[in-house]
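Source file target31.pdb; content: PDB, C-alpha atoms, pLDDT in the B column.
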```pdb
MODEL        1
ATOM      1  CA  MET P   1     127.086 121.509 100.302  1.00 93.00           C
ATOM      2  CA  GLN P   2     125.398 118.475  98.794  1.00 97.00           C
ATOM      3  CA  ARG P   3     127.275 115.221  99.299  1.00 98.00           C
ATOM      4  CA  ILE P   4     125.399 113.318  96.584  1.00 98.00           C
ATOM      5  CA  GLN P   5     124.990 115.449  93.505  1.00 97.00           C
ATOM      6  CA  PRO P   6     121.639 115.932  91.749  1.00 98.00           C
ATOM      7  CA  VAL P   7     121.405 115.094  88.076  1.00 97.00           C
ATOM      8  CA  GLN P   8     119.611 117.274  85.584  1.00 95.00           C
ATOM      9  CA  VAL P   9     116.724 115.593  83.784  1.00 95.00           C
ATOM     10  CA  THR P  10     118.512 115.730  80.428  1.00 94.00           C
ATOM     11  CA  GLU P  11     121.680 114.172  81.898  1.00 95.00           C
ATOM     12  CA  ALA P  12     120.034 111.487  84.029  1.00 95.00           C
ATOM     13  CA  PRO P  13     120.412 107.784  83.275  1.00 93.00           C
ATOM     14  CA  ALA P  14     117.760 106.766  80.711  1.00 95.00           C
ATOM     15  CA  LYS P  15     115.389 105.125  83.198  1.00 96.00           C
ATOM     16  CA  SER P  16     115.750 107.997  85.679  1.00 96.00           C
ATOM     17  CA  ARG P  17     115.228 110.530  82.893  1.00 96.00           C
ATOM     18  CA  GLN P  18     111.900 108.953  81.974  1.00 97.00           C
ATOM     19  CA  LEU P  19     110.767 108.998  85.608  1.00 97.00           C
ATOM     20  CA  LEU P  20     111.930 112.577  86.178  1.00 98.00           C
ATOM     21  CA  GLU P  21     110.077 113.712  83.058  1.00 97.00           C
ATOM     22  CA  GLY P  22     106.924 112.182  84.557  1.00 97.00           C
ATOM     23  CA  VAL P  23     107.533 114.043  87.823  1.00 96.00           C
ATOM     24  CA  GLN P  24     108.026 117.269  85.845  1.00 96.00           C
ATOM     25  CA  ARG P  25     104.687 116.777  84.082  1.00 96.00           C
ATOM     26  CA  LYS P  26     102.869 115.981  87.321  1.00 93.00           C
ATOM     27  CA  MET P  27     104.419 118.588  89.642  1.00 93.00           C
ATOM     28  CA  GLY P  28     105.533 121.250  87.179  1.00 94.00           C
ATOM     29  CA  MET P  29     109.060 120.917  88.607  1.00 95.00           C
ATOM     30  CA  VAL P  30     111.502 118.258  89.730  1.00 97.00           C
ATOM     31  CA  PRO P  31     112.511 118.621  93.383  1.00 98.00           C
ATOM     32  CA  ASN P  32     116.220 118.368  94.225  1.00 98.00           C
ATOM     33  CA  PHE P  33     115.467 115.278  96.298  1.00 98.00           C
ATOM     34  CA  MET P  34     114.275 113.410  93.209  1.00 98.00           C
ATOM     35  CA  LYS P  35     117.113 114.736  91.036  1.00 98.00           C
ATOM     36  CA  THR P  36     119.527 113.465  93.660  1.00 98.00           C
ATOM     37  CA  LEU P  37     117.762 110.141  94.112  1.00 98.00           C
ATOM     38  CA  ALA P  38     117.899 109.792  90.293  1.00 97.00           C
ATOM     39  CA  GLN P  39     121.583 108.892  90.643  1.00 97.00           C
ATOM     40  CA  SER P  40     120.104 105.416  91.171  1.00 97.00           C
ATOM     41  CA  PRO P  41     117.264 104.492  88.818  1.00 97.00           C
ATOM     42  CA  ALA P  42     116.404 101.626  91.195  1.00 97.00           C
ATOM     43  CA  ALA P  43     116.121 103.925  94.226  1.00 98.00           C
ATOM     44  CA  LEU P  44     114.050 106.474  92.309  1.00 98.00           C
ATOM     45  CA  THR P  45     111.772 103.753  90.918  1.00 98.00           C
ATOM     46  CA  GLY P  46     111.283 102.257  94.373  1.00 98.00           C
ATOM     47  CA  TYR P  47     110.438 105.610  95.924  1.00 98.00           C
ATOM     48  CA  LEU P  48     107.998 106.626  93.180  1.00 98.00           C
ATOM     49  CA  ASN P  49     106.295 103.230  93.096  1.00 97.00           C
ATOM     50  CA  LEU P  50     105.744 103.100  96.860  1.00 97.00           C
ATOM     51  CA  ASN P  51     104.628 106.715  96.948  1.00 96.00           C
ATOM     52  CA  GLN P  52     102.068 106.047  94.210  1.00 96.00           C
ATOM     53  CA  ALA P  53     100.929 102.777  95.779  1.00 97.00           C
ATOM     54  CA  LEU P  54     100.150 104.561  99.045  1.00 96.00           C
ATOM     55  CA  ASP P  55      97.333 106.510  97.415  1.00 93.00           C
ATOM     56  CA  GLY P  56      94.918 104.192  99.210  1.00 92.00           C
ATOM     57  CA  ALA P  57      93.067 104.253 102.524  1.00 94.00           C
ATOM     58  CA  LEU P  58      94.609 107.512 103.792  1.00 98.00           C
ATOM     59  CA  THR P  59      93.801 110.917 102.332  1.00 97.00           C
ATOM     60  CA  ARG P  60      96.481 112.953 100.591  1.00 97.00           C
ATOM     61  CA  PRO P  61      96.399 115.640 103.307  1.00 98.00           C
ATOM     62  CA  LEU P  62      96.836 113.014 106.047  1.00 98.00           C
ATOM     63  CA  ARG P  63      99.813 111.481 104.215  1.00 98.00           C
ATOM     64  CA  GLU P  64     101.414 114.945 104.049  1.00 98.00           C
ATOM     65  CA  GLN P  65     100.696 115.495 107.746  1.00 98.00           C
ATOM     66  CA  ILE P  66     102.292 112.153 108.635  1.00 98.00           C
ATOM     67  CA  ALA P  67     105.304 113.119 106.507  1.00 98.00           C
ATOM     68  CA  LEU P  68     105.600 116.321 108.537  1.00 98.00           C
ATOM     69  CA  ALA P  69     105.386 114.483 111.859  1.00 98.00           C
ATOM     70  CA  VAL P  70     108.122 112.084 110.741  1.00 98.00           C
ATOM     71  CA  ALA P  71     110.294 114.951 109.478  1.00 98.00           C
ATOM     72  CA  GLY P  72     109.843 116.666 112.834  1.00 98.00           C
ATOM     73  CA  VAL P  73     111.019 113.609 114.775  1.00 98.00           C
ATOM     74  CA  ASN P  74     113.969 113.017 112.442  1.00 98.00           C
ATOM     75  CA  GLY P  75     114.950 116.678 112.133  1.00 98.00           C
ATOM     76  CA  CYS P  76     114.785 116.611 108.328  1.00 98.00           C
ATOM     77  CA  ASN P  77     114.644 120.207 107.122  1.00 98.00           C
ATOM     78  CA  TYR P  78     114.348 119.169 103.476  1.00 98.00           C
ATOM     79  CA  CYS P  79     111.276 117.017 104.103  1.00 98.00           C
ATOM     80  CA  ALA P  80     109.748 119.511 106.540  1.00 98.00           C
ATOM     81  CA  SER P  81     110.139 122.197 103.882  1.00 98.00           C
ATOM     82  CA  ALA P  82     108.849 120.073 100.996  1.00 98.00           C
ATOM     83  CA  HIS P  83     105.857 118.650 102.848  1.00 98.00           C
ATOM     84  CA  SER P  84     104.917 122.039 104.302  1.00 98.00           C
ATOM     85  CA  ALA P  85     104.760 123.430 100.759  1.00 97.00           C
ATOM     86  CA  ILE P  86     102.934 120.397  99.387  1.00 97.00           C
ATOM     87  CA  GLY P  87     100.610 120.332 102.409  1.00 98.00           C
ATOM     88  CA  ALA P  88      99.700 123.967 101.824  1.00 98.00           C
ATOM     89  CA  GLY P  89      98.978 123.025  98.215  1.00 96.00           C
ATOM     90  CA  VAL P  90      96.445 120.412  99.323  1.00 97.00           C
ATOM     91  CA  GLY P  91      94.665 122.841 101.624  1.00 98.00           C
ATOM     92  CA  ILE P  92      96.333 122.491 105.022  1.00 98.00           C
ATOM     93  CA  GLY P  93      96.641 125.840 106.801  1.00 98.00           C
ATOM     94  CA  PRO P  94      99.935 127.217 108.149  1.00 97.00           C
ATOM     95  CA  ASP P  95      99.060 126.787 111.835  1.00 97.00           C
ATOM     96  CA  GLU P  96      98.043 123.180 111.245  1.00 98.00           C
ATOM     97  CA  LEU P  97     101.241 122.492 109.254  1.00 98.00           C
ATOM     98  CA  ALA P  98     103.342 123.887 112.114  1.00 97.00           C
ATOM     99  CA  ALA P  99     101.439 121.745 114.622  1.00 98.00           C
ATOM    100  CA  ASN P 100     101.856 118.668 112.432  1.00 98.00           C
ATOM    101  CA  LEU P 101     105.659 118.946 112.693  1.00 97.00           C
ATOM    102  CA  HIS P 102     105.165 118.361 116.431  1.00 97.00           C
ATOM    103  CA  GLY P 103     102.775 115.464 115.814  1.00 97.00           C
ATOM    104  CA  GLU P 104      99.835 117.625 116.804  1.00 98.00           C
ATOM    105  CA  SER P 105      96.595 118.610 115.071  1.00 98.00           C
ATOM    106  CA  GLN P 106      93.391 120.499 115.797  1.00 97.00           C
ATOM    107  CA  ASP P 107      91.525 117.420 114.527  1.00 98.00           C
ATOM    108  CA  GLY P 108      91.327 114.518 117.006  1.00 98.00           C
ATOM    109  CA  PRO P 109      91.621 111.613 114.534  1.00 98.00           C
ATOM    110  CA  THR P 110      94.468 113.345 112.688  1.00 98.00           C
ATOM    111  CA  ARG P 111      96.262 113.973 115.997  1.00 98.00           C
ATOM    112  CA  ALA P 112      95.909 110.276 116.864  1.00 98.00           C
ATOM    113  CA  ALA P 113      97.404 109.236 113.501  1.00 98.00           C
ATOM    114  CA  LEU P 114     100.305 111.677 113.916  1.00 98.00           C
ATOM    115  CA  GLN P 115     100.985 110.566 117.483  1.00 98.00           C
ATOM    116  CA  PHE P 116     100.993 106.963 116.278  1.00 98.00           C
ATOM    117  CA  ALA P 117     103.378 107.862 113.444  1.00 98.00           C
ATOM    118  CA  ARG P 118     105.708 109.563 115.930  1.00 98.00           C
ATOM    119  CA  ALA P 119     105.545 106.521 118.212  1.00 98.00           C
ATOM    120  CA  ILE P 120     106.546 104.274 115.309  1.00 98.00           C
ATOM    121  CA  VAL P 121     109.627 106.408 114.634  1.00 98.00           C
ATOM    122  CA  GLU P 122     110.584 107.053 118.247  1.00 98.00           C
ATOM    123  CA  LYS P 123     110.122 103.412 119.267  1.00 98.00           C
ATOM    124  CA  ARG P 124     111.652 102.054 116.050  1.00 98.00           C
ATOM    125  CA  GLY P 125     108.461 100.187 115.290  1.00 98.00           C
ATOM    126  CA  GLN P 126     108.187  98.620 118.742  1.00 98.00           C
ATOM    127  CA  VAL P 127     104.875 100.300 119.531  1.00 98.00           C
ATOM    128  CA  SER P 128     102.842  99.250 122.539  1.00 98.00           C
ATOM    129  CA  ASP P 129      99.377  97.760 122.708  1.00 98.00           C
ATOM    130  CA  GLU P 130      98.290 101.134 124.098  1.00 98.00           C
ATOM    131  CA  ASP P 131      99.642 102.910 120.993  1.00 98.00           C
ATOM    132  CA  ILE P 132      97.566 100.571 118.807  1.00 98.00           C
ATOM    133  CA  ASP P 133      94.511 100.956 121.040  1.00 98.00           C
ATOM    134  CA  GLU P 134      94.732 104.769 120.844  1.00 98.00           C
ATOM    135  CA  VAL P 135      94.904 104.899 117.047  1.00 98.00           C
ATOM    136  CA  ARG P 136      92.055 102.384 116.804  1.00 98.00           C
ATOM    137  CA  ALA P 137      89.967 104.416 119.266  1.00 98.00           C
ATOM    138  CA  ALA P 138      90.359 107.369 116.886  1.00 98.00           C
ATOM    139  CA  GLY P 139      88.668 105.350 114.140  1.00 98.00           C
ATOM    140  CA  TYR P 140      91.581 103.734 112.313  1.00 98.00           C
ATOM    141  CA  ALA P 141      91.157 100.084 111.352  1.00 98.00           C
ATOM    142  CA  ASP P 142      93.857  97.641 110.306  1.00 98.00           C
ATOM    143  CA  PRO P 143      94.025  98.806 106.652  1.00 97.00           C
ATOM    144  CA  GLN P 144      94.653 102.410 107.730  1.00 98.00           C
ATOM    145  CA  ILE P 145      97.112 101.356 110.428  1.00 98.00           C
ATOM    146  CA  ALA P 146      99.064  99.329 107.858  1.00 98.00           C
ATOM    147  CA  GLU P 147      99.192 102.354 105.565  1.00 98.00           C
ATOM    148  CA  ILE P 148     100.282 104.671 108.375  1.00 98.00           C
ATOM    149  CA  VAL P 149     103.222 102.317 108.962  1.00 98.00           C
ATOM    150  CA  ALA P 150     104.007 102.308 105.226  1.00 98.00           C
ATOM    151  CA  VAL P 151     103.834 106.115 104.986  1.00 98.00           C
ATOM    152  CA  VAL P 152     106.132 106.381 108.009  1.00 98.00           C
ATOM    153  CA  ALA P 153     108.608 103.940 106.417  1.00 98.00           C
ATOM    154  CA  LEU P 154     108.607 105.840 103.118  1.00 98.00           C
ATOM    155  CA  ASN P 155     109.258 109.096 104.941  1.00 98.00           C
ATOM    156  CA  VAL P 156     111.998 107.663 107.132  1.00 98.00           C
ATOM    157  CA  PHE P 157     113.691 106.642 103.868  1.00 98.00           C
ATOM    158  CA  THR P 158     113.385 110.154 102.418  1.00 98.00           C
ATOM    159  CA  ASN P 159     114.535 111.757 105.697  1.00 98.00           C
ATOM    160  CA  TYR P 160     117.605 109.532 105.889  1.00 98.00           C
ATOM    161  CA  PHE P 161     118.413 109.949 102.202  1.00 98.00           C
ATOM    162  CA  ASN P 162     118.261 113.725 102.512  1.00 98.00           C
ATOM    163  CA  HIS P 163     120.439 113.639 105.637  1.00 98.00           C
ATOM    164  CA  VAL P 164     123.042 111.501 103.863  1.00 98.00           C
ATOM    165  CA  ALA P 165     122.917 113.520 100.628  1.00 98.00           C
ATOM    166  CA  ALA P 166     122.678 116.907 102.384  1.00 98.00           C
ATOM    167  CA  THR P 167     120.128 117.801  99.714  1.00 98.00           C
ATOM    168  CA  ASP P 168     119.848 121.511  98.949  1.00 98.00           C
ATOM    169  CA  ILE P 169     116.375 122.710  99.918  1.00 98.00           C
ATOM    170  CA  ASP P 170     114.386 124.027  96.966  1.00 97.00           C
ATOM    171  CA  PHE P 171     111.194 124.882  98.876  1.00 97.00           C
ATOM    172  CA  PRO P 172     110.541 127.661 101.406  1.00 97.00           C
ATOM    173  CA  VAL P 173     112.763 126.544 104.284  1.00 97.00           C
ATOM    174  CA  VAL P 174     111.298 125.091 107.457  1.00 96.00           C
ATOM    175  CA  ASP P 175     113.890 124.673 110.219  1.00 95.00           C
ATOM    176  CA  THR P 176     113.165 121.639 112.382  1.00 94.00           C
ATOM    177  CA  ALA P 177     115.765 122.812 114.928  1.00 88.00           C
ATOM    178  CA  GLN P 178     113.056 125.141 116.200  1.00 77.00           C
ATOM    179  CA  ILE P 179     110.834 122.167 117.043  1.00 69.00           C
ATOM    180  CA  THR P 180     110.830 120.982 120.616  1.00 55.00           C
ATOM    181  CA  THR P 181     109.600 117.419 120.909  1.00 49.00           C
TER
ENDMDL
END
```
Target encoding structure tokens, full file:
Amino acid sequence: MQRIQPVQVTEAPAKSRQLLEGVQRKMGMVPNFMKTLAQSPAALTGYLNLNQALDGALTRPLREQIALAVAGVNGCNYCASAHSAIGAGVGIGPDELAANLHGESQDGPTRAALQFARAIVEKRGQVSDEDIDEVRAAGYADPQIAEIVAVVALNVFTNYFNHVAATDIDFPVVDTAQITT
């Protein structure tokens, strides 16, 4: 059972309502995560602004794949479910999505980015010089590395929020308990 209740768009605080209406127009639906986060207009604004700002040096599929790797490490079923569905919508195949939850990929540069993202989470940001060298060797320069860190941070926030809220999953369910790290 959810511990922080979602708010319906029509009942949300005025600022949250406006933001949720924008999400509805863009996605065709409002995920439970955002309805729940809408309890705080400031938290919803912060999430949406950072998410939009990160449409930069990393591709949309890679951002989804990083989100999956982070969800896998943190055992966030809501985020694993949401990003698997969104990832499929941006063209990532089911086998690749499943691998991404483990921080793996068929593509070498993608695998390096996901392994780096996992290292950030597992080491609480205290990555080694070798971790940096490996992601650089895969072709990522400082702008991309900075954005990988930002995407990881955004997804740690969503993972933790969904753990705290016990958000009801409104996507096809992906169970991270089946992931062995």
Which residues, protein or nucleic acid, reach to within 12 Å of (117.1, 118.1, 90.0) in the file's coordinates when using only C-alpha atoms, and can you give that as a PDB file with C-alpha atoms, in the coordinates of the input?
```
ATOM      1  CA  ILE P   4     125.399 113.318  96.584  1.00 98.00           C
ATOM      2  CA  GLN P   5     124.990 115.449  93.505  1.00 97.00           C
ATOM      3  CA  PRO P   6     121.639 115.932  91.749  1.00 98.00           C
ATOM      4  CA  VAL P   7     121.405 115.094  88.076  1.00 97.00           C
ATOM      5  CA  GLN P   8     119.611 117.274  85.584  1.00 95.00           C
ATOM      6  CA  VAL P   9     116.724 115.593  83.784  1.00 95.00           C
ATOM      7  CA  THR P  10     118.512 115.730  80.428  1.00 94.00           C
ATOM      8  CA  GLU P  11     121.680 114.172  81.898  1.00 95.00           C
ATOM      9  CA  ALA P  12     120.034 111.487  84.029  1.00 95.00           C
ATOM     10  CA  SER P  16     115.750 107.997  85.679  1.00 96.00           C
ATOM     11  CA  ARG P  17     115.228 110.530  82.893  1.00 96.00           C
ATOM     12  CA  LEU P  19     110.767 108.998  85.608  1.00 97.00           C
ATOM     13  CA  LEU P  20     111.930 112.577  86.178  1.00 98.00           C
ATOM     14  CA  GLU P  21     110.077 113.712  83.058  1.00 97.00           C
ATOM     15  CA  VAL P  23     107.533 114.043  87.823  1.00 96.00           C
ATOM     16  CA  GLN P  24     108.026 117.269  85.845  1.00 96.00           C
ATOM     17  CA  MET P  29     109.060 120.917  88.607  1.00 95.00           C
ATOM     18  CA  VAL P  30     111.502 118.258  89.730  1.00 97.00           C
ATOM     19  CA  PRO P  31     112.511 118.621  93.383  1.00 98.00           C
ATOM     20  CA  ASN P  32     116.220 118.368  94.225  1.00 98.00           C
ATOM     21  CA  PHE P  33     115.467 115.278  96.298  1.00 98.00           C
ATOM     22  CA  MET P  34     114.275 113.410  93.209  1.00 98.00           C
ATOM     23  CA  LYS P  35     117.113 114.736  91.036  1.00 98.00           C
ATOM     24  CA  THR P  36     119.527 113.465  93.660  1.00 98.00           C
ATOM     25  CA  LEU P  37     117.762 110.141  94.112  1.00 98.00           C
ATOM     26  CA  ALA P  38     117.899 109.792  90.293  1.00 97.00           C
ATOM     27  CA  GLN P  39     121.583 108.892  90.643  1.00 97.00           C
ATOM     28  CA  THR P 167     120.128 117.801  99.714  1.00 98.00           C
ATOM     29  CA  ASP P 168     119.848 121.511  98.949  1.00 98.00           C
ATOM     30  CA  ILE P 169     116.375 122.710  99.918  1.00 98.00           C
ATOM     31  CA  ASP P 170     114.386 124.027  96.966  1.00 97.00           C
TER      32      ASP P 170
END
```
Using all atoms listed in the file, which of P:Ala150, P:Asp142, P:Asn155, P:Ala177 sits nearest Ala53 in chain P?
P:Ala150
Restricting the calculation to all atoms listed in the file: of P:Phe171, P:Phe161, P:Tyr47, P:Phe116, which residue gets closest to Gln2 in chain P?
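Closest candidate: P:Phe161.
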Select, from P:Ile148, P:Gln65, P:Ile92, P:Gln126, the residue with the minimum atom-to-atom distance to Cys79 in chain P, counting all atoms listed in the file.
P:Gln65
Residues picked by the PyMOL selection byres ((chain P and resi 120) around 12) here, as a PyMOL selection string?
chain P and resi 66+69-70+73-74+103+113-119+121-128+131-132+135+145-146+148-153+155-156
What is the CA of Arg25 in chain P-CA of Thr59 in chain P distance in Å, reported with one decimal?
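Computing it gives 22.0 Å between the two atoms.
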Could you state which residues are captured by the PyMOL selection byres ((chain P and resi 78) around 10) in this file, as a ChimeraX atom specification?
/P:32-33,71,75-77,79-84,158-159,162-163,166-176
Enumerate, as a ChimeraX atom specification, the residues matched when the PyMOL selection byres ((chain P and resi 138) around 10) is run on the file above.
/P:108-113,133-137,139-141
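For the choices P:Ala98, P:Met27, P:Met1, P:Leu58, the atom-to-atom distance to Val164 in chain P is smallest for P:Met1 when using all atoms listed in the file.
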For each of P:Pro143, P:Gly87, P:Pro13, P:Pro94, take the minimum atom-to-atom distance to Arg63 in chain P, counting all atoms listed in the file, then give the residue where this is smallest.
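When distances to Arg63 in chain P are compared using all atoms listed in the file, the smallest one comes from P:Gly87.
CA of Leu48 in chain P is found 12.5 Å from CA of Lys15 in chain P.
Going from CA of Ala42 in chain P over to CA of Gly56 in chain P, you cover 23.1 Å.
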Minimum-distance residue to Ile86 in chain P, chosen among P:Gly22, P:Pro41, P:Pro61, P:Gly46 (using all atoms listed in the file):
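The closest residue to Ile86 in chain P is P:Pro61.
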Around all listed atoms of range 6-20 of chain P, padded 5 Å per side, what centre and edge lengths does the axis-aligned box have in Å to one decimal, as AutoDock Vina command-line options?
```
--center_x 116.2 --center_y 111.2 --center_z 86.1 --size_x 20.9 --size_y 22.1 --size_z 21.3
```
Will you model N, CA and C atoms for range 74-97 of chain P and pass it back as a PDB file, in the coordinates of the input?
```pdb
ATOM      1  N   ASN P  74     112.639 113.295 112.994  1.00 98.00           N
ATOM      2  CA  ASN P  74     113.969 113.017 112.442  1.00 98.00           C
ATOM      3  C   ASN P  74     114.782 114.270 112.144  1.00 98.00           C
ATOM      4  N   GLY P  75     114.215 115.448 112.370  1.00 98.00           N
ATOM      5  CA  GLY P  75     114.950 116.678 112.133  1.00 98.00           C
ATOM      6  C   GLY P  75     115.357 116.861 110.683  1.00 98.00           C
ATOM      7  N   CYS P  76     114.470 116.499 109.752  1.00 98.00           N
ATOM      8  CA  CYS P  76     114.785 116.611 108.328  1.00 98.00           C
ATOM      9  C   CYS P  76     114.218 117.923 107.775  1.00 98.00           C
ATOM     10  N   ASN P  77     115.081 118.907 107.629  1.00 98.00           N
ATOM     11  CA  ASN P  77     114.644 120.207 107.122  1.00 98.00           C
ATOM     12  C   ASN P  77     114.153 120.120 105.686  1.00 98.00           C
ATOM     13  N   TYR P  78     114.799 119.279 104.864  1.00 98.00           N
ATOM     14  CA  TYR P  78     114.348 119.169 103.476  1.00 98.00           C
ATOM     15  C   TYR P  78     112.900 118.677 103.443  1.00 98.00           C
ATOM     16  N   CYS P  79     112.623 117.594 104.141  1.00 98.00           N
ATOM     17  CA  CYS P  79     111.276 117.017 104.103  1.00 98.00           C
ATOM     18  C   CYS P  79     110.264 117.921 104.800  1.00 98.00           C
ATOM     19  N   ALA P  80     110.658 118.568 105.877  1.00 98.00           N
ATOM     20  CA  ALA P  80     109.748 119.511 106.540  1.00 98.00           C
ATOM     21  C   ALA P  80     109.389 120.638 105.580  1.00 98.00           C
ATOM     22  N   SER P  81     110.369 121.112 104.840  1.00 98.00           N
ATOM     23  CA  SER P  81     110.139 122.197 103.882  1.00 98.00           C
ATOM     24  C   SER P  81     109.260 121.732 102.732  1.00 98.00           C
ATOM     25  N   ALA P  82     109.599 120.587 102.141  1.00 98.00           N
ATOM     26  CA  ALA P  82     108.849 120.073 100.996  1.00 98.00           C
ATOM     27  C   ALA P  82     107.399 119.762 101.378  1.00 98.00           C
ATOM     28  N   HIS P  83     107.215 119.060 102.485  1.00 98.00           N
ATOM     29  CA  HIS P  83     105.857 118.650 102.848  1.00 98.00           C
ATOM     30  C   HIS P  83     105.030 119.807 103.405  1.00 98.00           C
ATOM     31  N   SER P  84     105.666 120.835 103.927  1.00 98.00           N
ATOM     32  CA  SER P  84     104.917 122.039 104.302  1.00 98.00           C
ATOM     33  C   SER P  84     104.376 122.716 103.048  1.00 98.00           C
ATOM     34  N   ALA P  85     105.209 122.812 102.020  1.00 97.00           N
ATOM     35  CA  ALA P  85     104.760 123.430 100.759  1.00 97.00           C
ATOM     36  C   ALA P  85     103.695 122.580 100.081  1.00 97.00           C
ATOM     37  N   ILE P  86     103.910 121.290 100.026  1.00 97.00           N
ATOM     38  CA  ILE P  86     102.934 120.397  99.387  1.00 97.00           C
ATOM     39  C   ILE P  86     101.648 120.363 100.207  1.00 97.00           C
ATOM     40  N   GLY P  87     101.782 120.323 101.534  1.00 98.00           N
ATOM     41  CA  GLY P  87     100.610 120.332 102.409  1.00 98.00           C
ATOM     42  C   GLY P  87      99.766 121.581 102.224  1.00 98.00           C
ATOM     43  N   ALA P  88     100.432 122.722 102.096  1.00 98.00           N
ATOM     44  CA  ALA P  88      99.700 123.967 101.824  1.00 98.00           C
ATOM     45  C   ALA P  88      98.961 123.858 100.491  1.00 98.00           C
ATOM     46  N   GLY P  89      99.591 123.202  99.533  1.00 96.00           N
ATOM     47  CA  GLY P  89      98.978 123.025  98.215  1.00 96.00           C
ATOM     48  C   GLY P  89      97.760 122.125  98.208  1.00 96.00           C
ATOM     49  N   VAL P  90      97.637 121.270  99.234  1.00 97.00           N
ATOM     50  CA  VAL P  90      96.445 120.412  99.323  1.00 97.00           C
ATOM     51  C   VAL P  90      95.470 120.932 100.375  1.00 97.00           C
ATOM     52  N   GLY P  91      95.669 122.191 100.789  1.00 98.00           N
ATOM     53  CA  GLY P  91      94.665 122.841 101.624  1.00 98.00           C
ATOM     54  C   GLY P  91      94.891 122.854 103.120  1.00 98.00           C
ATOM     55  N   ILE P  92      96.067 122.470 103.584  1.00 98.00           N
ATOM     56  CA  ILE P  92      96.333 122.491 105.022  1.00 98.00           C
ATOM     57  C   ILE P  92      96.853 123.882 105.385  1.00 98.00           C
ATOM     58  N   GLY P  93      96.263 124.489 106.398  1.00 98.00           N
ATOM     59  CA  GLY P  93      96.641 125.840 106.801  1.00 98.00           C
ATOM     60  C   GLY P  93      97.981 125.895 107.510  1.00 98.00           C
ATOM     61  N   PRO P  94      98.593 127.076 107.564  1.00 97.00           N
ATOM     62  CA  PRO P  94      99.935 127.217 108.149  1.00 97.00           C
ATOM     63  C   PRO P  94     100.024 126.829 109.619  1.00 97.00           C
ATOM     64  N   ASP P  95      99.016 127.154 110.415  1.00 97.00           N
ATOM     65  CA  ASP P  95      99.060 126.787 111.835  1.00 97.00           C
ATOM     66  C   ASP P  95      98.996 125.274 112.003  1.00 97.00           C
ATOM     67  N   GLU P  96      98.161 124.639 111.188  1.00 98.00           N
ATOM     68  CA  GLU P  96      98.043 123.180 111.245  1.00 98.00           C
ATOM     69  C   GLU P  96      99.355 122.531 110.794  1.00 98.00           C
ATOM     70  N   LEU P  97      99.964 123.040 109.731  1.00 98.00           N
ATOM     71  CA  LEU P  97     101.241 122.492 109.254  1.00 98.00           C
ATOM     72  C   LEU P  97     102.300 122.581 110.351  1.00 98.00           C
TER      73      LEU P  97
END
```
